[in-house]
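Asker: Shown below is the structure under consideration.
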Amino acid sequence: MKAKAVAGMFGRNVIHRVKWNPPRLIMVMGVQRSGTNALFDSLATDKTLSAFPEDIDSVFYRDFRLRPVDETSDLIRSCPGRILLKPISETAARSLAEVAEEYRSYALRFVWIYRDPVNVLDSMRRLKWINAQDCERPDLFLGWRKRNEYALQFQQECPHQITIVRYEDLCLDPAVFRKLTRLLNLKCHSYFRGDTAQGRAHIAAAVQQRVDAATSKTLLALDAARTFKPRRIYAIKNRALRLHRLRTLAQPAAAETRDADHAILLPSVDPRAPSELEGIFFWFCAPAGLPRQGPIETDVFEAGPHRMRAARVENGPYALRSLNSRTVLYYPHTKVKERRKGASGTLVFDAESGWDFFFDGSAFTIFALFRPNVPCYPPYDQQHSVLFRVGARDGGAPEFLVEWDGRSNRSGAVLSIGRDIGRAGVWTRPQSHLRQEWRIILIQRSDVSEGKLSISTQGDVQDFTLLSSGQKEVSRLALALELGGSEKERLFYGEVSDLIIFRRPLTGEERSAVIQFLTKTYQL
C-alpha cells in the first residue's frame, strides 16, 4: 500500500510510527538540579538498557564530560541493546548540536528536562554547591538560560531527535512519564515524587524577581515546546498549588521556621580551629592535601599532630569540587562494581598510632562532616554504609563504626568490644540526615568507669548508651582507622570533608567553637 493511502486511512502519525526505529543512544540532558538524576534512575530501571550515569572517571566519562567518541566507539558497539547516558555537564561547554554532530554515526535521541530556575538555584543551595548569596549571581541564572536555549535551538533544527519534558510535570502527573516511556519503547518505574518547590519559599522575593526577569521568556518557550503536557485536571491542581505558594511567600515567619529545622542549635561562640584545642589526635581535612578535582595520585595525609599516612589504593576515592566550591573526598556511587569485586578503595591510616583509646574506657570526641549517598538501582541497591571504622585489620571485634542508615535517614555510632561485653550504639533521630545532605555529626564518650556514648547532629543531642571497658581485649592488637567503609556491602559512598578526633571529652563551649569553625569555613 502506498504511503498516501496509509496516511488517508490512519493519519500521518502512523507513517512516523512505521518508519521510526528506537534510538541506539539515549542521552538524558538538562541543567544540574533539574531532575536529571530522577529521570536517569527512572529510565535505567528498564532491564534492556545499559546505563552509564555521569561520572568523574569511567569508560564513558572523564571529569564528568564525555570522552571523545573514538575512545568509546568499541564500547558502544559491544554493549547489548541500547545505551542510556547522562552527560549533563556537556552543555556547560558546548551545544546539543555539537554533541549530536560528534555522535552522528549513531541513532541518538536527547531527553531534555527543565525546571523552574528559582527551584534549581535553591536545590543547589540546599546541597551546599553554592551558598545563599550565590543565588544572586547572574552567571548562574544566565547559564540556566543559555543551556536551556540549546535545547530549544536543537528542537527547531532536529525535532525528531529531542524530547523536552518539565520536571514539575513528571512530579505532578504520572501519565507524562508513561507517555515518555512509550515514545522511547521502554518499560520503566518512575522515581518522581511530589515537587515541594522550596525555592519560591526560601529565596528572597527580590532575588526571585531578578532571576525571573532574566529567564521567564526562556521558561515560557520551554513550556510551549515541551513534548508532553500534564492532563487538564493536574494542570488545574498545579495552578492551585502555585497560588498557595504565593500566599506562603507573604509569610516570612513560616519560611524562617522551616529553615530553623536545619539550623545549628548550639550556643554561639567564637569559632576555633581544631588544632587550637588540646587533645587533638586525628584531623582529616580534605581541602588541606587533595588536588582540586580528579583522581588522587598520591598518598593521603591527615593534618593532626601525628601526620598519619594512608597509602594510595586501587579503586580509591577522588577529589571533588563541592561544598560551596571547596574540595572534598569523593567516593562515587557509580564505582560499586569495581569496589565490590576488587579492592575496596578504603583509606587505611596508621595501624601503630594508639587507637586503643576507643576501646579501653578512655574519652574521645568526634566531629564528622559528610554527605552520604548510595547506589540506588539494580543490581547494587544499598541502604546502609560505614563512613569509617576503627578496629583490627581482620575485620573482627573490637571495632568502632560511624554509620549511615538510608532506611531511616540517620547517622549512628556503634561500639563492639567483644562477645563477652557486647555491642552498643547510638543514633541521631530518624530523618535527621537525609541522603545527599551535608551534616555535622558529633559523637562523644565520657571518661568514667562506665563511659556514656552520645551523638548529636548539629546540636540535636540523642540519648546516650552506657559502655563498659574492654582494655584486656585490645592490649595486644594492632588497630587502624579505615575511611570509606569495610565490608563490601556496606562501603561508604558520598563525600567527606572533615573527620576530627580528640582523645578527651570537649566542653560544651569547645564543641560549639569547633562546629562554628566548620560552619564558617564551609558556609554551612
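Going through the C-alpha cells in order, the chains are called A, B, and so on, while each chain numbers its residues from 1 and the ligands are numbered from 1 in the order shown.
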Env of Val165 of chain A: 12 Å cut, atoms = only C-alpha atoms, seq-sep filter 2 positions within chain, self excluded. Answer as number ranges by chain.
Answerer: A: 28-30, 34-36, 39, 110-115, 148, 151-152, 162-163, 167-171, 173, 176-177, 179-181, 219, 222-230
Asker: Segment 91-198 of chain A: which residues are strand (DSSP E or B) by DSSP, as a PyMOL selection string?
Answerer: chain A and resi 108-114+162-166
Asker: The selected residues should be written to file as a CSV table (one decimal), in the first residue's frame (atoms: N, CA, C and O atoms).
Answerer:
chain,number,residue,atom,x,y,z
A,108,LEU,N,20.7,8.6,17.8
A,108,LEU,CA,20.8,9.3,19.1
A,108,LEU,C,19.5,10.1,19.3
A,108,LEU,O,19.0,10.7,18.4
A,109,ARG,N,19.0,10.0,20.6
A,109,ARG,CA,17.9,10.9,21.0
A,109,ARG,C,18.2,11.5,22.3
A,109,ARG,O,18.7,10.9,23.2
A,110,PHE,N,18.0,12.8,22.4
A,110,PHE,CA,18.1,13.6,23.7
A,110,PHE,C,16.8,13.6,24.4
A,110,PHE,O,15.7,13.8,23.7
A,111,VAL,N,16.8,13.4,25.7
A,111,VAL,CA,15.6,13.7,26.5
A,111,VAL,C,16.1,14.8,27.4
A,111,VAL,O,16.9,14.7,28.3
A,112,TRP,N,15.5,16.0,27.2
A,112,TRP,CA,15.9,17.2,27.9
A,112,TRP,C,14.9,17.5,28.9
A,112,TRP,O,13.7,17.6,28.7
A,113,ILE,N,15.3,17.7,30.2
A,113,ILE,CA,14.4,18.0,31.3
A,113,ILE,C,14.8,19.4,31.8
A,113,ILE,O,16.0,19.7,32.0
A,114,TYR,N,13.8,20.2,32.1
A,114,TYR,CA,14.0,21.5,32.7
A,114,TYR,C,13.1,21.8,33.9
A,114,TYR,O,12.2,21.0,34.1
A,162,ILE,N,14.9,15.0,19.7
A,162,ILE,CA,14.9,15.5,21.1
A,162,ILE,C,13.4,15.5,21.6
A,162,ILE,O,12.5,15.7,20.9
A,163,THR,N,13.4,15.1,22.9
A,163,THR,CA,12.1,15.2,23.7
A,163,THR,C,12.3,16.1,24.8
A,163,THR,O,13.3,16.0,25.6
A,164,ILE,N,11.4,17.1,25.0
A,164,ILE,CA,11.6,18.0,26.1
A,164,ILE,C,10.5,17.8,27.1
A,164,ILE,O,9.3,17.7,26.8
A,165,VAL,N,10.9,17.6,28.4
A,165,VAL,CA,9.9,17.4,29.4
A,165,VAL,C,10.2,18.4,30.6
A,165,VAL,O,11.3,18.8,30.8
A,166,ARG,N,9.2,18.6,31.4
A,166,ARG,CA,9.3,19.5,32.5
A,166,ARG,C,9.3,18.7,33.8
A,166,ARG,O,8.4,17.8,34.0
Asker: Neighbouring residues of segment 269-283 of chain A were defined as those with any atom within 12 Å, considering only C-alpha atoms; residues of the same chain fewer than 5 positions away were excluded. Please report them as a ChimeraX atom specification.
Answerer: /A:264,288-289,300-309,349-350,353-355,357-358,363-369,480-481,497-521
Asker: Which of segment 297-522 of chain A counts as helix (DSSP H, G or I) under DSSP, as an NGL selection string please?
Answerer: :A and (333-341 or 355-358 or 471-474 or 488-490 or 508-522)
Asker: Residues within 10 Å of segment 62-66 of chain A, please, as a list in words. Count only C-alpha atoms; anything in the same chain fewer than 3 positions from it doesn't count.
Answerer: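 Everything that qualifies: Pro53, Glu54, Asp55, Ile56, Asp57, Ser58, Val59, Val69, Glu71, Thr72, Leu85, Lys86, Pro87, Ile88, Ser89, Glu90, Thr91, Ala92, Ala93, Val99, Gln293, Gly294, Pro295 and Leu320 of chain A.
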Asker: Considering only C-alpha atoms, return as a ChimeraX atom specification whatever protein or nucleic-acid residues lie within 8 Å of Val211 of chain A, sequence-local ones (same chain, fewer than 2 positions apart) excluded.
Answerer: /A:117-118,136,141,207-209,213-215
Asker: Quick one: residues within 6 Å of segment 426-440 of chain A, only C-alpha atoms, excluding same-chain residues fewer than 6 positions away - as a PyMOL selection string?
Answerer: chain A and resi 368-373+408-413+457-458+462
Asker: Within 7 Å of Val414 of chain A, counting only C-alpha atoms, which residues show up once you throw out same-chain ones fewer than 3 positions away? Write them as a PyMOL selection string, please.
Answerer: chain A and resi 400-402+424-426
Asker: A:Trp404, A:Phe492, A:Phe359, A:Phe192: which is nearest Leu477 of chain A, counting only C-alpha atoms?
Answerer: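 Among the listed residues, A:Phe359 lies closest to Leu477 of chain A.
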Asker: Do you have the atom CA of Asn37 of chain A-atom CA of Glu338 of chain A distance handy?
Answerer: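 Computing it gives 21.4 Å between the two atoms.
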Asker: Hey, can you check how far atom CA of Thr298 of chain A sits from atom CA of Val313 of chain A?
Answerer: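 Computed distance, atom CA of Thr298 of chain A to atom CA of Val313 of chain A, equals 9.3 Å.
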Asker: What is the atom CA of Arg292 of chain A-atom CA of Lys337 of chain A distance in Å, reported with one decimal?
Answerer: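 Spanning atom CA of Arg292 of chain A to atom CA of Lys337 of chain A is a straight-line distance of 25.7 Å.
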